[in-house]
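Engineer: Compact mmCIF, C-alpha atoms, file structure-v9.txt:
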```txt
# COMPACT_ATOMS: atom_id res chain seq x y z
CA MET A 1 0.00 0.00 0.00
CA LEU A 2 1.28 3.40 -1.01
CA ASN A 3 0.56 6.47 1.10
CA ILE A 4 1.27 10.03 0.08
CA ASP A 5 1.07 12.53 2.91
CA ASN A 6 0.94 16.26 2.50
CA LEU A 7 3.31 16.26 -0.46
CA GLU A 8 4.73 19.52 -1.75
CA CYS A 9 6.93 19.84 -4.83
CA VAL A 10 8.75 22.91 -6.08
CA ARG A 11 10.38 23.37 -9.46
CA GLY A 12 12.74 26.33 -9.59
CA ASP A 13 10.85 29.09 -7.77
CA ARG A 14 7.42 27.79 -8.64
CA GLN A 15 5.33 25.70 -6.32
CA LEU A 16 3.71 22.94 -8.38
CA PHE A 17 1.45 21.52 -5.71
CA SER A 18 1.24 21.35 -1.95
CA GLY A 19 -0.75 19.48 0.64
CA LEU A 20 -1.27 16.58 -1.74
CA SER A 21 -2.40 13.39 -0.03
CA PHE A 22 -3.70 10.12 -1.37
CA ALA A 23 -3.50 6.41 -0.72
CA LEU A 24 -3.23 3.65 -3.24
CA ASP A 25 -4.43 0.16 -2.36
CA GLU A 26 -3.52 -3.10 -3.95
CA GLY A 27 -5.49 -3.65 -7.11
CA SER A 28 -6.11 -0.01 -7.88
CA LEU A 29 -5.16 2.51 -10.51
CA LEU A 30 -4.50 6.21 -10.07
CA HIS A 31 -5.07 8.37 -13.10
CA VAL A 32 -3.32 11.74 -12.70
CA HIS A 33 -4.92 14.56 -14.68
CA GLY A 34 -3.70 18.07 -15.24
CA ALA A 35 -2.73 20.63 -17.83
CA ASN A 36 0.80 20.93 -19.20
CA GLY A 37 3.12 22.16 -16.48
CA SER A 38 0.79 21.25 -13.63
CA GLY A 39 3.36 18.88 -12.14
CA LYS A 40 2.22 15.44 -13.26
CA THR A 41 5.67 14.26 -14.24
CA THR A 42 7.20 15.78 -11.11
CA LEU A 43 4.66 13.97 -8.94
CA LEU A 44 5.42 10.67 -10.65
CA ARG A 45 9.16 11.21 -10.35
CA ALA A 46 8.77 12.17 -6.68
CA VAL A 47 6.89 8.94 -5.99
CA ALA A 48 9.60 6.98 -7.82
CA GLY A 49 12.24 8.72 -5.70
CA LEU A 50 13.93 10.62 -8.52
CA VAL A 51 12.82 14.02 -7.23
CA LEU A 52 13.19 15.04 -3.61
CA PRO A 53 9.90 16.59 -2.47
CA GLU A 54 10.05 19.91 -0.64
CA ASN A 55 7.72 18.63 2.04
CA GLY A 56 5.66 15.61 2.95
CA GLU A 57 6.24 11.92 3.00
CA ILE A 58 5.79 8.94 0.72
CA ARG A 59 5.28 5.64 2.52
CA TRP A 60 5.26 2.11 1.19
CA ASP A 61 3.55 -0.38 3.53
CA GLY A 62 3.95 2.16 6.30
CA LYS A 63 7.67 2.78 5.83
CA SER A 64 9.20 5.86 4.26
CA THR A 65 10.40 5.12 0.72
CA ARG A 66 13.50 7.22 1.40
CA LYS A 67 14.50 4.80 4.13
CA LEU A 68 13.54 1.72 2.13
CA ASP A 69 15.64 3.00 -0.79
CA GLU A 70 16.80 -0.10 -2.70
CA ASN A 71 14.05 -2.26 -1.25
CA PHE A 72 11.47 0.16 -2.59
CA ASN A 73 13.17 0.16 -6.00
CA ARG A 74 12.56 -3.58 -6.14
CA GLU A 75 8.82 -2.93 -5.94
CA LEU A 76 8.55 -0.44 -8.74
CA ILE A 77 8.97 0.17 -12.44
CA TYR A 78 9.09 3.75 -13.63
CA LEU A 79 8.75 4.44 -17.33
CA GLY A 80 9.17 8.10 -18.13
CA HIS A 81 9.33 10.24 -21.24
CA HIS A 82 12.65 8.73 -22.20
CA TYR A 83 12.69 5.19 -23.42
CA GLY A 84 15.55 4.36 -21.06
CA LEU A 85 17.12 2.13 -23.69
CA LYS A 86 20.63 2.05 -25.09
CA PHE A 87 20.12 2.57 -28.81
CA GLU A 88 23.30 0.73 -29.78
CA LEU A 89 22.16 -2.45 -28.06
CA THR A 90 19.45 -4.82 -29.27
CA GLY A 91 16.10 -5.05 -27.53
CA TYR A 92 17.17 -8.38 -26.10
CA GLU A 93 20.41 -6.97 -24.66
CA ASN A 94 18.60 -3.98 -23.18
CA LEU A 95 16.01 -6.13 -21.42
CA ARG A 96 18.57 -8.60 -20.21
CA ILE A 97 20.66 -5.82 -18.64
CA PHE A 98 17.63 -4.47 -16.81
CA ALA A 99 16.84 -7.93 -15.49
CA GLN A 100 20.38 -8.57 -14.30
CA LEU A 101 20.67 -5.18 -12.64
CA SER A 102 17.37 -5.86 -10.91
CA GLY A 103 18.94 -8.91 -9.39
CA PHE A 104 17.55 -11.77 -11.43
CA ASP A 105 18.85 -13.57 -14.47
CA ILE A 106 16.35 -14.45 -17.14
CA SER A 107 16.62 -16.98 -19.89
CA GLU A 108 16.86 -15.97 -23.51
CA ARG A 109 13.54 -17.70 -24.11
CA LYS A 110 11.74 -15.55 -21.59
CA VAL A 111 13.00 -12.32 -23.12
CA GLU A 112 12.09 -13.65 -26.55
CA ALA A 113 8.58 -14.44 -25.35
CA ALA A 114 8.16 -10.96 -23.87
CA LEU A 115 9.33 -9.28 -27.06
CA LYS A 116 7.04 -11.53 -29.09
CA ALA A 117 4.13 -10.64 -26.84
CA MET A 118 4.88 -6.99 -27.55
CA GLY A 119 4.68 -7.69 -31.28
CA LEU A 120 8.42 -7.39 -31.85
CA ALA A 121 9.22 -10.91 -32.98
CA ARG A 122 11.02 -9.70 -36.09
CA CYS A 123 13.13 -7.06 -34.36
CA PHE A 124 14.91 -9.43 -32.07
CA GLU A 125 18.44 -9.01 -33.34
CA LEU A 126 18.20 -5.37 -34.38
CA PRO A 127 19.77 -2.53 -32.45
CA VAL A 128 17.10 -0.34 -30.91
CA LYS A 129 18.22 2.69 -32.93
CA VAL A 130 16.81 1.26 -36.19
CA LEU A 131 13.38 0.64 -34.68
CA SER A 132 10.51 3.09 -35.08
CA GLN A 133 9.35 5.26 -32.17
CA GLY A 134 6.43 2.96 -31.48
CA GLN A 135 8.63 -0.11 -31.55
CA LYS A 136 11.11 1.50 -29.15
CA LYS A 137 8.23 2.23 -26.80
CA ARG A 138 7.15 -1.40 -27.05
CA VAL A 139 10.66 -2.58 -26.13
CA SER A 140 10.67 -0.42 -23.01
CA LEU A 141 7.15 -1.58 -22.12
CA ALA A 142 8.31 -5.20 -22.42
CA ARG A 143 10.00 -4.67 -19.04
CA LEU A 144 6.55 -4.67 -17.48
CA LEU A 145 6.15 -8.28 -18.55
CA LEU A 146 9.56 -9.40 -17.35
CA GLN A 147 9.91 -7.70 -14.01
CA ARG A 148 7.40 -8.70 -11.39
CA SER A 149 7.13 -5.31 -9.74
CA LYS A 150 4.07 -4.36 -7.80
CA LEU A 151 3.92 -0.65 -8.56
CA TRP A 152 3.94 0.62 -12.13
CA ILE A 153 4.54 4.33 -12.62
CA LEU A 154 3.80 5.17 -16.23
CA ASP A 155 4.29 8.68 -17.58
CA GLU A 156 2.40 9.05 -20.87
CA PRO A 157 2.73 5.37 -21.72
CA PHE A 158 0.42 5.54 -24.74
CA VAL A 159 2.47 8.08 -26.68
CA ALA A 160 3.77 6.74 -30.01
CA LEU A 161 1.79 3.50 -29.75
CA ASP A 162 -0.60 2.49 -32.53
CA VAL A 163 -4.19 1.39 -31.89
CA ALA A 164 -3.20 -2.23 -31.40
CA GLY A 165 -0.40 -1.17 -29.06
CA VAL A 166 -2.71 0.97 -26.95
CA SER A 167 -5.23 -1.83 -26.49
CA MET A 168 -2.44 -4.29 -25.69
CA LEU A 169 -1.02 -1.98 -23.01
CA LEU A 170 -4.51 -1.48 -21.61
CA ASP A 171 -4.91 -5.25 -21.34
CA MET A 172 -1.54 -5.47 -19.55
CA ILE A 173 -2.60 -2.76 -17.11
CA LYS A 174 -5.96 -4.44 -16.47
CA GLU A 175 -4.30 -7.78 -15.84
CA HIS A 176 -1.74 -6.22 -13.50
CA VAL A 177 -4.43 -4.44 -11.49
CA ALA A 178 -6.57 -7.59 -11.37
CA ASP A 179 -3.53 -9.44 -9.96
CA GLY A 180 -3.36 -6.98 -7.08
CA GLY A 181 -0.81 -4.63 -8.63
CA MET A 182 -0.89 -0.85 -8.50
CA VAL A 183 -0.60 1.57 -11.38
CA ILE A 184 -0.08 5.32 -11.43
CA LEU A 185 -0.35 6.84 -14.88
CA THR A 186 -0.78 10.06 -16.75
CA THR A 187 -2.07 10.40 -20.26
CA HIS A 188 -3.43 13.11 -22.49
CA GLN A 189 -4.94 10.65 -24.88
CA GLU A 190 -8.56 9.64 -24.73
CA VAL A 191 -7.95 6.22 -23.31
CA ASP A 192 -10.53 4.28 -21.40
CA VAL A 193 -8.75 3.03 -18.31
CA GLU A 194 -11.76 1.81 -16.38
CA VAL A 195 -10.18 -0.92 -14.30
CA GLY A 196 -10.16 -2.11 -10.71
CA LYS A 197 -10.48 0.57 -8.07
CA LEU A 198 -10.03 3.63 -10.22
CA GLN A 199 -9.01 6.93 -8.63
CA HIS A 200 -8.62 10.28 -10.28
CA LEU A 201 -6.29 13.01 -9.16
CA HIS A 202 -6.53 16.47 -10.67
CA LEU A 203 -3.46 18.67 -10.38
CA GLY A 204 -3.36 22.40 -10.74
CA GLU A 205 -6.96 22.97 -9.63
CA HIS A 206 -6.45 24.00 -6.05
CA MET B 1 25.80 -7.70 -6.05
CA PHE B 2 28.82 -8.86 -8.04
CA ALA B 3 26.55 -10.05 -10.85
CA ALA B 4 25.16 -6.53 -11.13
CA LEU B 5 28.66 -5.04 -11.04
CA LYS B 6 29.79 -7.41 -13.78
CA CYS B 7 26.68 -6.60 -15.78
CA ILE B 8 27.22 -2.84 -15.70
CA ILE B 9 30.91 -3.18 -16.60
CA LEU B 10 30.14 -5.51 -19.52
CA ARG B 11 27.37 -3.19 -20.66
CA ASP B 12 29.67 -0.19 -20.85
CA LEU B 13 32.42 -2.19 -22.53
CA THR B 14 29.95 -3.50 -25.12
CA LEU B 15 28.75 0.03 -25.79
CA ALA B 16 32.33 1.22 -26.18
CA MET B 17 33.04 -1.59 -28.63
CA ARG B 18 30.10 -0.46 -30.75
CA HIS B 19 31.44 3.11 -30.69
CA ARG B 20 35.07 2.33 -31.31
CA SER B 21 35.87 5.79 -32.67
CA ASP B 22 35.23 7.30 -29.22
CA VAL B 23 37.80 5.01 -27.63
CA LEU B 24 40.38 5.60 -30.33
CA THR B 25 40.03 9.39 -30.12
CA THR B 26 41.36 9.39 -26.56
CA VAL B 27 44.32 7.15 -27.39
CA PHE B 28 45.26 9.04 -30.55
CA PHE B 29 45.00 12.36 -28.74
CA PHE B 30 47.44 11.03 -26.13
CA VAL B 31 49.86 9.68 -28.74
CA ILE B 32 49.81 12.85 -30.83
CA VAL B 33 50.21 15.28 -27.93
CA VAL B 34 53.15 13.31 -26.52
CA SER B 35 54.75 13.03 -29.97
CA LEU B 36 54.51 16.77 -30.62
CA PHE B 37 56.98 17.60 -27.86
CA PRO B 38 60.11 15.99 -29.35
CA LEU B 39 59.23 17.68 -32.65
CA GLY B 40 58.79 21.07 -31.03
CA VAL B 41 61.68 20.97 -28.57
CA GLY B 42 64.26 19.41 -30.86
CA PRO B 43 66.32 16.23 -30.61
CA GLU B 44 68.41 17.00 -27.54
CA THR B 45 68.47 13.72 -25.65
CA ASP B 46 69.22 15.13 -22.18
CA LEU B 47 66.52 17.76 -22.39
CA LEU B 48 63.95 15.26 -23.68
CA ARG B 49 64.85 12.70 -21.05
CA SER B 50 64.42 15.18 -18.24
CA MET B 51 61.00 16.34 -19.43
CA ALA B 52 59.64 12.94 -20.54
CA ALA B 53 57.76 12.09 -17.34
CA GLY B 54 56.07 15.46 -17.15
CA VAL B 55 55.02 15.45 -20.79
CA VAL B 56 53.57 11.95 -20.69
CA TRP B 57 51.76 12.63 -17.44
CA VAL B 58 50.26 15.96 -18.50
CA SER B 59 49.13 14.39 -21.77
CA ALA B 60 47.51 11.56 -19.84
CA LEU B 61 45.63 14.09 -17.69
CA LEU B 62 44.35 15.93 -20.77
CA ALA B 63 43.42 12.71 -22.57
CA SER B 64 41.45 11.49 -19.58
CA MET B 65 39.66 14.87 -19.40
CA LEU B 66 38.63 14.41 -23.01
CA SER B 67 36.66 11.25 -22.33
CA LEU B 68 35.20 12.32 -18.99
CA SER B 69 32.22 14.23 -20.33
CA ARG B 70 30.92 11.04 -21.93
CA LEU B 71 31.03 9.05 -18.70
CA PHE B 72 27.46 9.84 -17.67
CA ALA B 73 26.21 12.18 -20.44
CA ASP B 74 25.05 9.47 -22.87
CA ASP B 75 23.16 7.63 -20.15
CA TYR B 76 21.67 10.90 -18.96
CA ASN B 77 20.42 11.87 -22.41
CA ASP B 78 18.69 8.59 -23.24
CA GLY B 79 17.14 8.13 -19.81
CA THR B 80 19.08 5.02 -18.85
CA LEU B 81 20.74 6.94 -16.02
CA GLU B 82 17.46 7.52 -14.21
CA GLN B 83 16.70 3.83 -14.68
CA LEU B 84 20.09 3.04 -13.12
CA LEU B 85 19.08 5.16 -10.14
CA LEU B 86 15.98 3.00 -9.79
CA VAL B 87 17.54 -0.46 -9.89
CA PRO B 88 17.63 -2.21 -6.54
CA GLN B 89 21.40 -1.89 -6.22
CA SER B 90 23.59 0.57 -4.41
CA LEU B 91 24.13 3.54 -6.71
CA ALA B 92 27.74 3.87 -5.58
CA LEU B 93 28.34 0.32 -6.80
CA MET B 94 26.84 1.16 -10.19
CA VAL B 95 29.02 4.27 -10.39
CA PHE B 96 32.06 2.20 -9.44
CA GLY B 97 31.27 -0.23 -12.26
CA LYS B 98 30.89 2.57 -14.77
CA VAL B 99 34.15 4.20 -13.66
CA LEU B 100 35.99 0.89 -13.86
CA ALA B 101 34.70 0.35 -17.40
CA HIS B 102 35.68 3.93 -18.24
CA TRP B 103 39.20 3.29 -16.98
CA ILE B 104 39.51 0.08 -19.01
CA ILE B 105 38.41 1.99 -22.10
CA SER B 106 40.30 5.24 -21.68
CA GLY B 107 42.95 4.73 -18.99
CA LEU B 108 44.38 1.28 -19.63
CA PRO B 109 45.24 2.00 -23.32
CA LEU B 110 47.30 5.00 -22.14
CA VAL B 111 49.23 2.79 -19.71
CA LEU B 112 49.94 0.31 -22.48
CA MET B 113 51.02 2.97 -24.98
CA ALA B 114 53.25 4.83 -22.51
CA PRO B 115 56.44 2.71 -22.80
CA LEU B 116 56.39 3.06 -26.58
CA LEU B 117 56.08 6.82 -26.29
CA GLY B 118 58.70 6.93 -23.53
CA LEU B 119 61.20 5.49 -26.01
CA GLN B 120 60.85 8.63 -28.13
CA PHE B 121 62.24 10.55 -25.17
CA GLY B 122 65.20 8.24 -24.70
CA LEU B 123 64.03 6.82 -21.37
CA GLY B 124 65.88 3.77 -20.10
CA GLY B 125 64.38 0.46 -19.02
CA ASP B 126 63.96 1.30 -15.33
CA ALA B 127 62.37 4.66 -16.08
CA LEU B 128 59.98 3.09 -18.62
CA LEU B 129 58.93 0.52 -16.06
CA MET B 130 58.40 3.25 -13.47
CA LEU B 131 56.35 5.25 -16.01
CA VAL B 132 54.03 2.27 -16.51
CA VAL B 133 53.72 1.59 -12.78
CA THR B 134 52.94 5.21 -11.89
CA LEU B 135 50.38 5.43 -14.69
CA LEU B 136 48.85 2.13 -13.59
CA LEU B 137 48.37 3.56 -10.09
CA GLY B 138 47.49 7.07 -11.22
CA THR B 139 45.08 6.73 -14.15
CA PRO B 140 42.37 4.98 -12.10
CA VAL B 141 42.49 7.99 -9.74
CA LEU B 142 41.95 10.27 -12.74
CA SER B 143 38.82 8.30 -13.72
CA LEU B 144 37.54 8.16 -10.15
CA VAL B 145 38.06 11.81 -9.28
CA GLY B 146 36.90 12.83 -12.75
CA SER B 147 33.64 10.98 -12.26
CA ILE B 148 32.73 13.40 -9.46
CA GLY B 149 33.22 16.35 -11.81
CA ALA B 150 31.33 14.63 -14.62
CA ALA B 151 28.42 13.87 -12.30
CA LEU B 152 28.29 17.42 -10.94
CA THR B 153 28.29 19.08 -14.37
CA LEU B 154 25.77 16.69 -15.90
CA GLY B 155 23.16 18.45 -18.01
CA LEU B 156 24.80 21.87 -17.69
CA ARG B 157 25.62 23.98 -20.70
CA GLY B 158 29.35 24.15 -21.31
CA GLY B 159 29.79 21.21 -18.97
CA GLY B 160 32.93 20.08 -20.80
CA VAL B 161 34.90 23.20 -19.94
CA LEU B 162 33.48 23.36 -16.46
CA VAL B 163 34.54 19.81 -15.75
CA SER B 164 38.16 20.72 -16.62
CA LEU B 165 38.08 23.67 -14.24
CA LEU B 166 36.65 21.52 -11.48
CA VAL B 167 38.76 18.44 -11.92
CA LEU B 168 42.21 19.55 -13.17
CA PRO B 169 43.17 21.17 -9.83
CA LEU B 170 42.26 17.91 -8.10
CA TYR B 171 44.57 16.03 -10.46
CA ILE B 172 47.62 17.99 -9.29
CA PRO B 173 48.72 15.62 -6.49
CA VAL B 174 48.52 12.66 -8.88
CA LEU B 175 50.58 14.58 -11.43
CA ILE B 176 53.22 15.57 -8.88
CA PHE B 177 53.74 12.10 -7.46
CA GLY B 178 53.35 10.36 -10.81
CA ALA B 179 55.82 12.46 -12.74
CA GLY B 180 58.00 12.79 -9.64
CA GLY B 181 58.29 9.03 -9.33
CA VAL B 182 59.61 8.66 -12.86
CA GLU B 183 62.04 11.56 -12.43
CA ALA B 184 63.34 10.07 -9.20
CA SER B 185 63.95 6.82 -11.01
CA VAL B 186 65.73 8.60 -13.92
CA SER B 187 68.04 10.41 -11.53
CA GLY B 188 68.79 7.18 -9.65
CA MET B 189 66.92 7.92 -6.44
CA GLY B 190 64.36 5.45 -5.16
CA ALA B 191 60.75 6.06 -6.10
CA GLU B 192 59.15 3.99 -3.33
CA GLY B 193 57.87 7.07 -1.55
CA HIS B 194 56.12 8.35 -4.65
CA LEU B 195 54.58 4.96 -5.34
CA SER B 196 53.31 4.61 -1.77
CA LEU B 197 51.69 8.01 -1.93
CA LEU B 198 50.10 7.25 -5.30
CA ALA B 199 48.75 3.98 -3.93
CA ALA B 200 47.39 5.81 -0.88
CA ILE B 201 45.63 8.34 -3.12
CA LEU B 202 44.20 5.48 -5.18
CA ILE B 203 42.78 3.73 -2.13
CA LEU B 204 41.26 6.97 -0.86
CA ALA B 205 39.70 7.67 -4.26
CA LEU B 206 38.37 4.11 -4.52
CA LEU B 207 36.61 4.52 -1.19
CA LEU B 208 35.25 8.03 -1.52
CA ALA B 209 34.80 8.92 -5.19
CA PRO B 210 31.93 6.48 -6.00
CA LEU B 211 29.99 7.76 -2.98
CA ALA B 212 30.53 11.40 -3.94
CA SER B 213 29.62 10.74 -7.58
CA ALA B 214 26.48 8.87 -6.58
CA ALA B 215 25.36 11.80 -4.44
CA ALA B 216 26.12 14.23 -7.27
CA LEU B 217 24.18 12.11 -9.77
CA ARG B 218 21.08 12.13 -7.59
CA ILE B 219 21.19 15.93 -7.59
CA SER B 220 21.88 16.19 -11.33
CA VAL B 221 19.08 13.85 -12.38
CA GLU B 222 16.53 15.73 -10.29
```
Using C-alpha cells, write down the structure that the file contains.
Structural biologist:
Amino acid sequence: MLNIDNLECVRGDRQLFSGLSFALDEGSLLHVHGANGSGKTTLLRAVAGLVLPENGEIRWDGKSTRKLDENFNRELIYLGHHYGLKFELTGYENLRIFAQLSGFDISERKVEAALKAMGLARCFELPVKVLSQGQKKRVSLARLLLQRSKLWILDEPFVALDVAGVSMLLDMIKEHVADGGMVILTTHQEVDVEVGKLQHLHLGEH
Amino acid sequence: MFAALKCIILRDLTLAMRHRSDVLTTVFFFVIVVSLFPLGVGPETDLLRSMAAGVVWVSALLASMLSLSRLFADDYNDGTLEQLLLVPQSLALMVFGKVLAHWIISGLPLVLMAPLLGLQFGLGGDALLMLVVTLLLGTPVLSLVGSIGAALTLGLRGGGVLVSLLVLPLYIPVLIFGAGGVEASVSGMGAEGHLSLLAAILILALLLAPLASAAALRISVE
C-alpha cells in the first residue's frame, strides 16, 4: 500500500502543488490529470524517488520510501518520457541488462517471449536505434512483462503507440491491477482506463 | 551484487566496442600530444629525457579529461541513467562499475602505450617501467576523481569546460607524485615514496569517489 502525505513539490521558484495526499491500495489505478506544467511528471518522479519533495512523506507499507531506498526500488517500475534504452544495443540486450541489474537472471527464451508478446518478434536481433518510435516504446514496455514489480509508474505510456499497441497496453494494465498490482499513470490521450479501483487526481486545480 | 557489477561493466564495454571511434580518439589524442613535444623541442636527448615524465603525465591528464564528459552524459540523455538510479542496487556500486569500465576503455590503453612513447624521449628500461607503474596507479584515480566532476556538471551547458576547471586542480597531487616518481627513477633515487603516496591516493579515491559521484548524480538527475 502506497501512502502520500501532504506532499509539496517545487520546481525552480514555482510551487507545483502542496498538501497533496492520497492512498493507493492493492489492485487499484491512479489516473493523474492536469494541464501541461501542472506537475504530473514531477509527482510521478517524486513517488519513484527521482525528485526530492520539498515537504511531505511517501510511505510504502507504512515505511518511508526514502528509508527503504533499494528495497522500494525492487517494488517499482518507472517508465518516463525517455525510453531508457541504449540505442546501440538490441532489444534483447537492453532487457537482459535491466533484469540482471534488478537482481535476477532471465533466460533468452523468456525475453524472446516478452518481445514476441509486444509484437516485436522480427526485431529481435536489431539494435534499438533502427526501430521506429512505437517499436522502441514497445521494447521499453516489455519490461513490465519481465519484471514482477508491484507498482507501475507510467508517464504518458500511450504516446507513439498504434491502436493495437494501446489496447495491448490497456490489457496489460488491467491484468496487472486484477492481480493486485498498483498503477499510477498520466495520459493526455482519450484512453478508457476503467479498471479495478479507479481513482482520479486532478493537479493544478487547487 | 557482483553479478550486477559485472553486468554494468560488460554493458559499458559492449557500448564502447560499438562506438570504437570514441575510444580511439582518446588514445590518438594522447599519442599525438606526446609526440609533438620531441618535434617542437628538438632532438636533444638530455633535455627530452628530463621532461619525458612530465610530458607523458600531462598528456595523460588531458586525454582522460577528453573522455570524462561522456562518462554519464550518454546515459543521462537517453534516460538510462534515471533507470540506473531505480535499480535495486547501491548507486555507488553502479558508479564504481561505470568508472571501472571507463578506466579500461580510456585509462588502460594510455598505460599500455606509454612505454612506446617513452622510447621517443630516450628513457631507459627502469624509467619506462616506473612510467608504466605510476600510470597504472594514477590513471584509475583520474577516472575516479573525474567521475565526481562529470556527475556534478551533468546536463549543464558548457559542462565540458566546467569539468576541466573543477577536476584539473584535483589532479595535481597525482601529477606531482606520478611524474615525480619517474624523475626520481631517472636520476637514480628510489621512487618507493612516490609509489606509496600514489597507492594511498588510489585507495582513498576508490573509497570516496563512488559515494561522492552517486550523491552528485542524484542531484543532477533531479
Engineer: Taking all atoms listed in the file into account, which residues of chain B are within 8 Å of chain A, as a list of chain:residue names?
Structural biologist: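 Within 8 Å of chain A on chain B, we get B:Met1, B:Ala3, B:Ala4, B:Cys7, B:Ile8, B:Arg11, B:Leu15, B:Arg18, B:Asp75, B:Asp78, B:Gly79, B:Thr80, B:Leu81, B:Glu82, B:Gln83, B:Leu85, B:Leu86, B:Val87, B:Pro88, B:Gln89, B:Ser90, B:Arg218, B:Val221, B:Glu222.
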Engineer: Give the padded box for range 25-40 of chain B as AutoDock Vina command-line options: axis-aligned, covering all atoms listed in the file, 5 Å on each side, centre and edge lengths in Å to one decimal.
Structural biologist:
```
--center_x 50.1 --center_y 14.1 --center_z -29.4 --size_x 30.1 --size_y 23.9 --size_z 16.5
```
Engineer: If you count all atoms listed in the file, which residues fall within 10 Å of Met65 in chain B, apart from same-chain ones fewer than 3 positions away, as a list in words?
Structural biologist: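 Residues near the query, excluding close chain neighbours: Thr26, Ser59, Ala60, Leu61, Leu62, Leu68, Ser69, Arg70, Ser106, Leu142, Ser143, Gly146, Ala150, Gly160, Val161, Val163, Ser164, Val167 and Leu168 of chain B.
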Engineer: Set the distance at 12 Å and use only C-alpha atoms: which residues neighbour Phe29 in chain B once local chain neighbours fewer than 5 positions away are removed? I'd like the list as an NGL selection string.
Structural biologist: :B and (21-24 or 34-36 or 56 or 59-67 or 106 or 109-110 or 113)
Engineer: Let me make sure I understand: among A:Gly39, A:Gly165, A:Gly56, A:Gly180, which one has the smallest atom-to-atom distance to Leu151 in chain A if we use only C-alpha atoms?
Structural biologist: A:Gly180
Engineer: By how many Å are CA of Lys136 in chain A and CA of Met168 in chain A apart?
Structural biologist: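 That distance, rounded to one decimal, is 15.1 Å.
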Engineer: Counting only C-alpha atoms, which of B:Ala92, B:Leu217, B:Val41, B:Ile104 gets nearest to Met17 in chain B?
Structural biologist: B:Ile104
Engineer: Report as number ranges by chain all protein, DNA and RNA residues lying within 10 Å of Ala113 in chain A, evaluated on all atoms listed in the file, omitting residues in the same chain fewer than 5 positions from it.
Structural biologist: A: 108, 118-121, 142, 145-146
Engineer: Quick check, in Å to one decimal: how far apart do CA of Val186 in chain B and CA of Gly122 in chain B lie?
Structural biologist: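 These two atoms are separated by 10.8 Å.
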Engineer: Find the spatial neighbours of Ala178 in chain A, counting all atoms listed in the file, within a cut-off of 10 Å - ignore same-chain residues fewer than 3 positions away - and output them as a list in words.
Structural biologist: Glu26, Gly27, Ser28, Met172, Ile173, Lys174, Glu175, Gly181, Met182, Val195, Gly196 and Lys197 of chain A
Engineer: Neighbours of Leu136 in chain B within 12 Å (only C-alpha atoms; same-chain residues fewer than 2 positions away dropped), as an MDAnalysis selection string?
Structural biologist: chainID B and resid 57 60 103:104 107:115 129:134 138:143 174 178 195 198:199 202
Engineer: Nearest to Ala35 in chain A among A:Gln199, A:Ser149, A:Thr186, A:Gln135, with distances taken over all atoms listed in the file: which residue is it?
Structural biologist: A:Thr186
Engineer: As an exercise, work out the distance from CA of Asp25 in chain A to CA of Leu141 in chain A in Å and give it to one decimal place.
Structural biologist: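 Pair CA of Asp25 in chain A / CA of Leu141 in chain A returns 23.0 Å.
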